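Structure first, then comments.
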Amino acid sequence: MATSDPLLVVIDPVARQTDGEAVRIAKDVLSAGAVTKVCLPDGPEEFARALARRGSRRPVVVGDDGALVRAVSLLHRQRELAGCVLSMVPVGSALSVARSLGVPTGTVAAARAVLDGAPRRLDLLVDDSDGVVLGALRIPPVPAFPAPEGDSADPAHHWLRTCQSFVRTLVPTRPHRAPSAPATPRQGPSRLRVEVDGVTLVDLDQPVDAVSVAPDGAGLAAVEVRPSSVGAEAAPLLARGRRVTVSGADFRYRADAGVAGPVRRRTWTVWEEGLGLTLPV
């Protein structure tokens, strides 16, 4: 049965470059089941304009985790997430966030879910710089695929760098910091203070190997701290709460599709049912 909602299908450029056949299949399935308007943005500004001018159409993002996070971030900063339900057809190699949210990763199955699925309200994390996290964040950041040597090596890499620059324009201006030497992977434990709803879970005197924070689906964030230990592995420290603050020496963290930082303090707050997403029934 065709959905009665008109759709705005925004196809991420990386998806077009990565798997044009999957994009074609997604367009065919969606167009057969609904009234669609297809947008092919060439850059982040066009991507943002397409979402802003969606009118009564339900936005459908065709792309990878980065495209989904980009769409959610834009709608959040426009304070339009509460009244909007997003849909997604995953295309690309980075799909772990979409998978964790319950979006089918098969092109046909995902397109059918857009047409026949139902909206669900999901929790997300919002930090004190107005950034959003859909899945889990980790300190230190887990390794990602190595980046190409230069922009010319891959058009998708150039698009990613352009989008990162654009998203930075959406974040409040911060005082200028002198450039530092390129960061190297952290080899030893970190000294961080982790507070959950104002209660200290671990302090600076206890080195830690890793910290992870993720919405638990019940309106709270699940926090896990792995203390550094010599010999036998120390038991992880676990907590749940609505507000999580991490502070200490400069640290980076991986959130969804990218790495952020360095920062010395960051607070994440759970926005209960902050994201509307169409998922299979």
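The chains in the structure tokens are called A, B, ... from first to last as shown; in each chain the residues are counted from 1, and the ligands are counted from 1 in the order shown.
By chain and then residue number, the residues within 9 Å of Val281 (chain A) are Ala113, Asp116, Gly117, Ala118 and Pro119 of chain A, counting only C-alpha atoms and disregarding those fewer than 5 positions away in sequence.
Between CA of Val10 (chain A) and CA of Glu272 (chain A) lies a distance of 26.4 Å.
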**Request:** For Pro41 (chain A), work out the shell of residues within 9 Å, counting only C-alpha atoms and skipping chain neighbours fewer than 4 positions away, then give it as an MDAnalysis selection string.
**Result:** chainID A and resid 10:13 45:50
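Of note, CA of Leu201 (chain A) and CA of Ser100 (chain A) are spaced 26.4 Å apart.
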**Request:** Pick out the residues sitting within 10 Å of Gly63 (chain A), and hand them over as a list in words; count only C-alpha atoms, and ignore anything fewer than 2 positions along from it in its own chain.
**Result:**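 In the requested format, the answer is Val10, Ile11, Asp12, Pro13, Val14, Ala15, Arg16, Thr18, Asp19, Val23, Val60, Val61, Asp65, Gly66, Ala67, Leu68, Met88, Val89, Pro90, Val91, Gly92, Ser93, Ala94 and Leu95 of chain A.
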If we count only C-alpha atoms, what is near Asp203 (chain A) at a cut-off of 8 Å, once residues fewer than 5 positions away on the same chain are taken out, given as a PDB file with N, CA and C atoms, in the first residue's frame?
```
ATOM      1  N   ARG A 191      43.185  10.595  32.584  1.00  0.00           N
ATOM      2  CA  ARG A 191      42.750  11.041  33.915  1.00  0.00           C
ATOM      3  C   ARG A 191      41.579  11.990  33.710  1.00  0.00           C
ATOM      4  N   LEU A 192      40.398  11.487  33.971  1.00  0.00           N
ATOM      5  CA  LEU A 192      39.170  12.223  33.710  1.00  0.00           C
ATOM      6  C   LEU A 192      38.248  12.146  34.922  1.00  0.00           C
ATOM      7  N   ARG A 193      37.488  13.196  35.093  1.00  0.00           N
ATOM      8  CA  ARG A 193      36.411  13.169  36.085  1.00  0.00           C
ATOM      9  C   ARG A 193      35.098  12.935  35.346  1.00  0.00           C
ATOM     10  N   VAL A 194      34.365  11.920  35.750  1.00  0.00           N
ATOM     11  CA  VAL A 194      33.078  11.599  35.125  1.00  0.00           C
ATOM     12  C   VAL A 194      31.988  11.757  36.184  1.00  0.00           C
TER      13      VAL A 194
END
```
**Request:** Select, from A:Leu74, A:Leu81, A:Leu7, A:Val211, the residue with the minimum atom-to-atom distance to Arg54 (chain A), counting only C-alpha atoms.
**Result:**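 That would be A:Leu7, the residue with the smallest distance to Arg54 (chain A).
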**Prompt:** So which residues touch Ala221 (chain A) within 7 Å, counting only C-alpha atoms, skipping near sequence neighbours fewer than 4 positions away, as a PyMOL selection string?
**Reply:** chain A and resi 213-216+240-242+270
Would you mind exporting the chosen residues as a compact mmCIF listing (two decimals), in the first residue's frame, restricted to N, CA, C and O atoms?
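That gives us part_20.txt:
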```
# COMPACT_ATOMS: atom_id res chain seq x y z
N VAL A 213 29.25 6.42 26.70
CA VAL A 213 27.95 6.97 27.09
C VAL A 213 26.99 6.74 25.94
O VAL A 213 27.33 7.00 24.78
N ALA A 214 25.78 6.27 26.25
CA ALA A 214 24.79 6.03 25.19
C ALA A 214 23.40 6.12 25.79
O ALA A 214 23.20 5.76 26.96
N PRO A 215 22.41 6.59 25.02
CA PRO A 215 21.02 6.53 25.50
C PRO A 215 20.62 5.09 25.77
O PRO A 215 20.98 4.18 25.00
N ASP A 216 19.88 4.86 26.87
CA ASP A 216 19.51 3.48 27.20
C ASP A 216 18.10 3.12 26.74
O ASP A 216 17.63 1.99 26.98
N ARG A 240 23.64 5.27 35.53
CA ARG A 240 22.64 5.80 34.62
C ARG A 240 22.16 7.14 35.13
O ARG A 240 22.05 7.35 36.34
N GLY A 241 21.90 8.05 34.20
CA GLY A 241 21.42 9.36 34.60
C GLY A 241 21.04 10.18 33.38
O GLY A 241 21.22 9.76 32.24
N ARG A 242 20.52 11.37 33.63
CA ARG A 242 20.08 12.23 32.54
C ARG A 242 21.17 13.19 32.06
O ARG A 242 21.10 13.70 30.96
N VAL A 270 20.34 13.95 28.15
CA VAL A 270 19.41 13.11 27.40
C VAL A 270 18.17 13.93 27.03
O VAL A 270 17.55 14.55 27.89
```
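Close contacts of Val85 (chain A), defined as residues with an atom at most 8 Å away when counting only C-alpha atoms, with chain neighbours fewer than 5 positions off set aside, comprise A:Arg58, A:Pro59, A:Pro119, A:Leu275, A:Gly276, A:Leu277, A:Thr278.
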I need the residues from that last selection saved to file as a CSV table (one decimal), in the first residue's frame (with C-alpha atoms), if you can.
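To be explicit, this is the file written out as out_39.csv:
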```csv
chain,number,residue,atom,x,y,z
A,58,ARG,CA,8.4,13.9,5.1
A,59,PRO,CA,12.2,14.0,4.7
A,119,PRO,CA,7.3,6.6,13.4
A,275,LEU,CA,14.2,12.1,17.5
A,276,GLY,CA,11.3,10.8,15.3
A,277,LEU,CA,12.4,8.1,13.0
A,278,THR,CA,10.4,5.8,10.7
```
Mind listing the strand (DSSP E or B) residues of region 3-140 of chain A, per DSSP on the backbone, as a PDB file with N, CA and C atoms, in the first residue's frame?
```pdb
ATOM      1  N   LEU A   7       6.870  12.641   0.034  1.00  0.00           N
ATOM      2  CA  LEU A   7       8.227  12.467   0.528  1.00  0.00           C
ATOM      3  C   LEU A   7       9.180  13.443  -0.143  1.00  0.00           C
ATOM      4  N   LEU A   8      10.128  13.955   0.654  1.00  0.00           N
ATOM      5  CA  LEU A   8      11.267  14.695   0.123  1.00  0.00           C
ATOM      6  C   LEU A   8      12.477  13.776   0.241  1.00  0.00           C
ATOM      7  N   VAL A   9      12.966  13.266  -0.871  1.00  0.00           N
ATOM      8  CA  VAL A   9      14.071  12.313  -0.878  1.00  0.00           C
ATOM      9  C   VAL A   9      15.360  13.084  -1.144  1.00  0.00           C
ATOM     10  N   VAL A  10      16.187  13.197  -0.103  1.00  0.00           N
ATOM     11  CA  VAL A  10      17.461  13.920  -0.205  1.00  0.00           C
ATOM     12  C   VAL A  10      18.570  12.886  -0.335  1.00  0.00           C
ATOM     13  N   ILE A  11      19.222  12.861  -1.512  1.00  0.00           N
ATOM     14  CA  ILE A  11      20.236  11.854  -1.791  1.00  0.00           C
ATOM     15  C   ILE A  11      21.620  12.459  -1.578  1.00  0.00           C
ATOM     16  N   THR A  36       6.846  11.643  -4.572  1.00  0.00           N
ATOM     17  CA  THR A  36       8.181  12.004  -4.121  1.00  0.00           C
ATOM     18  C   THR A  36       8.720  13.214  -4.868  1.00  0.00           C
ATOM     19  N   LYS A  37       9.513  13.984  -4.158  1.00  0.00           N
ATOM     20  CA  LYS A  37      10.349  15.020  -4.762  1.00  0.00           C
ATOM     21  C   LYS A  37      11.783  14.658  -4.430  1.00  0.00           C
ATOM     22  N   VAL A  38      12.626  14.490  -5.444  1.00  0.00           N
ATOM     23  CA  VAL A  38      13.997  14.053  -5.249  1.00  0.00           C
ATOM     24  C   VAL A  38      14.937  15.247  -5.323  1.00  0.00           C
ATOM     25  N   CYS A  39      15.808  15.377  -4.320  1.00  0.00           N
ATOM     26  CA  CYS A  39      16.813  16.442  -4.292  1.00  0.00           C
ATOM     27  C   CYS A  39      18.197  15.815  -4.350  1.00  0.00           C
ATOM     28  N   ARG A  58       7.634  14.591   4.103  1.00  0.00           N
ATOM     29  CA  ARG A  58       8.443  13.875   5.089  1.00  0.00           C
ATOM     30  C   ARG A  58       9.839  13.657   4.523  1.00  0.00           C
ATOM     31  N   PRO A  59      10.889  14.109   5.207  1.00  0.00           N
ATOM     32  CA  PRO A  59      12.238  13.975   4.664  1.00  0.00           C
ATOM     33  C   PRO A  59      12.753  12.547   4.754  1.00  0.00           C
ATOM     34  N   VAL A  60      13.345  12.094   3.659  1.00  0.00           N
ATOM     35  CA  VAL A  60      13.973  10.783   3.582  1.00  0.00           C
ATOM     36  C   VAL A  60      15.428  10.999   3.186  1.00  0.00           C
ATOM     37  N   VAL A  61      16.349  10.582   4.038  1.00  0.00           N
ATOM     38  CA  VAL A  61      17.773  10.714   3.756  1.00  0.00           C
ATOM     39  C   VAL A  61      18.267   9.412   3.144  1.00  0.00           C
ATOM     40  N   VAL A  62      18.861   9.508   1.961  1.00  0.00           N
ATOM     41  CA  VAL A  62      19.499   8.360   1.328  1.00  0.00           C
ATOM     42  C   VAL A  62      21.003   8.572   1.455  1.00  0.00           C
ATOM     43  N   GLY A  63      21.646   7.793   2.320  1.00  0.00           N
ATOM     44  CA  GLY A  63      23.066   7.996   2.574  1.00  0.00           C
ATOM     45  C   GLY A  63      23.521   7.179   3.763  1.00  0.00           C
ATOM     46  N   VAL A  85       9.417  13.895  11.561  1.00  0.00           N
ATOM     47  CA  VAL A  85       9.790  12.481  11.568  1.00  0.00           C
ATOM     48  C   VAL A  85      10.679  12.235  10.355  1.00  0.00           C
ATOM     49  N   LEU A  86      11.898  11.769  10.598  1.00  0.00           N
ATOM     50  CA  LEU A  86      12.851  11.464   9.535  1.00  0.00           C
ATOM     51  C   LEU A  86      12.701  10.019   9.090  1.00  0.00           C
ATOM     52  N   SER A  87      13.079   9.766   7.856  1.00  0.00           N
ATOM     53  CA  SER A  87      13.210   8.400   7.354  1.00  0.00           C
ATOM     54  C   SER A  87      14.581   8.276   6.712  1.00  0.00           C
ATOM     55  N   MET A  88      15.060   7.025   6.575  1.00  0.00           N
ATOM     56  CA  MET A  88      16.396   6.820   6.040  1.00  0.00           C
ATOM     57  C   MET A  88      16.466   5.547   5.214  1.00  0.00           C
ATOM     58  N   VAL A  89      17.171   5.640   4.096  1.00  0.00           N
ATOM     59  CA  VAL A  89      17.580   4.463   3.331  1.00  0.00           C
ATOM     60  C   VAL A  89      19.101   4.442   3.370  1.00  0.00           C
ATOM     61  N   PRO A  90      19.702   3.522   4.135  1.00  0.00           N
ATOM     62  CA  PRO A  90      21.157   3.523   4.272  1.00  0.00           C
ATOM     63  C   PRO A  90      21.852   3.098   2.983  1.00  0.00           C
ATOM     64  N   ALA A 118       6.398   2.697  10.732  1.00  0.00           N
ATOM     65  CA  ALA A 118       5.701   3.595  11.658  1.00  0.00           C
ATOM     66  C   ALA A 118       6.722   4.479  12.369  1.00  0.00           C
ATOM     67  N   PRO A 119       6.322   5.709  12.712  1.00  0.00           N
ATOM     68  CA  PRO A 119       7.259   6.592  13.419  1.00  0.00           C
ATOM     69  C   PRO A 119       7.474   6.136  14.852  1.00  0.00           C
ATOM     70  N   ARG A 120       8.727   6.197  15.274  1.00  0.00           N
ATOM     71  CA  ARG A 120       9.071   5.929  16.668  1.00  0.00           C
ATOM     72  C   ARG A 120       9.875   7.100  17.204  1.00  0.00           C
ATOM     73  N   ARG A 121       9.657   7.418  18.464  1.00  0.00           N
ATOM     74  CA  ARG A 121      10.417   8.486  19.107  1.00  0.00           C
ATOM     75  C   ARG A 121      11.565   7.859  19.887  1.00  0.00           C
ATOM     76  N   LEU A 122      12.783   8.308  19.569  1.00  0.00           N
ATOM     77  CA  LEU A 122      13.995   7.767  20.173  1.00  0.00           C
ATOM     78  C   LEU A 122      14.704   8.842  20.991  1.00  0.00           C
ATOM     79  N   ASP A 123      15.392   8.409  22.039  1.00  0.00           N
ATOM     80  CA  ASP A 123      16.188   9.326  22.845  1.00  0.00           C
ATOM     81  C   ASP A 123      17.482   9.675  22.103  1.00  0.00           C
ATOM     82  N   LEU A 124      17.990  10.867  22.377  1.00  0.00           N
ATOM     83  CA  LEU A 124      19.311  11.240  21.874  1.00  0.00           C
ATOM     84  C   LEU A 124      20.024  12.065  22.931  1.00  0.00           C
ATOM     85  N   LEU A 125      21.325  12.261  22.721  1.00  0.00           N
ATOM     86  CA  LEU A 125      22.137  13.074  23.616  1.00  0.00           C
ATOM     87  C   LEU A 125      22.421  14.408  22.942  1.00  0.00           C
ATOM     88  N   VAL A 126      22.322  15.485  23.712  1.00  0.00           N
ATOM     89  CA  VAL A 126      22.663  16.824  23.225  1.00  0.00           C
ATOM     90  C   VAL A 126      23.730  17.390  24.140  1.00  0.00           C
ATOM     91  N   ASP A 127      24.832  17.871  23.550  1.00  0.00           N
ATOM     92  CA  ASP A 127      25.915  18.369  24.389  1.00  0.00           C
ATOM     93  C   ASP A 127      25.820  19.882  24.575  1.00  0.00           C
ATOM     94  N   VAL A 132      24.632  16.854  18.634  1.00  0.00           N
ATOM     95  CA  VAL A 132      23.770  15.723  18.936  1.00  0.00           C
ATOM     96  C   VAL A 132      24.531  14.415  18.771  1.00  0.00           C
ATOM     97  N   VAL A 133      24.138  13.422  19.556  1.00  0.00           N
ATOM     98  CA  VAL A 133      24.683  12.075  19.468  1.00  0.00           C
ATOM     99  C   VAL A 133      23.499  11.119  19.404  1.00  0.00           C
ATOM    100  N   LEU A 137      28.869   7.376  22.416  1.00  0.00           N
ATOM    101  CA  LEU A 137      30.111   8.138  22.306  1.00  0.00           C
ATOM    102  C   LEU A 137      31.160   7.440  23.156  1.00  0.00           C
ATOM    103  N   ARG A 138      32.413   7.553  22.703  1.00  0.00           N
ATOM    104  CA  ARG A 138      33.492   6.826  23.374  1.00  0.00           C
ATOM    105  C   ARG A 138      34.708   7.719  23.550  1.00  0.00           C
ATOM    106  N   ILE A 139      35.343   7.587  24.702  1.00  0.00           N
ATOM    107  CA  ILE A 139      36.588   8.282  25.011  1.00  0.00           C
ATOM    108  C   ILE A 139      37.585   7.224  25.481  1.00  0.00           C
TER     109      ILE A 139
END
```
**Selected residue of minimal separation from Val208 (chain A) among A:Leu101, A:Leu237, A:Val196, A:Ala82, counting only C-alpha atoms** = A:Leu237
**Asked** Separation of CA of Glu21 (chain A) and CA of Gly55 (chain A), in Å?
**Response** 28.6 Å
**Request:** For each of A:Asp5, A:Asp256, A:Glu195, A:Asp28, take the minimum atom-to-atom distance to Ser56 (chain A), counting only C-alpha atoms, then give the residue where this is smallest.
**Result:**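 Closest to Ser56 (chain A) of all the choices is A:Asp5.
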**Request:** Check the smallest atom-to-atom distance from each of A:Gly131, A:Asp209, A:Gly20, A:Arg79 to Glu233 (chain A) using only C-alpha atoms, then report the winner.
**Result:** A:Asp209
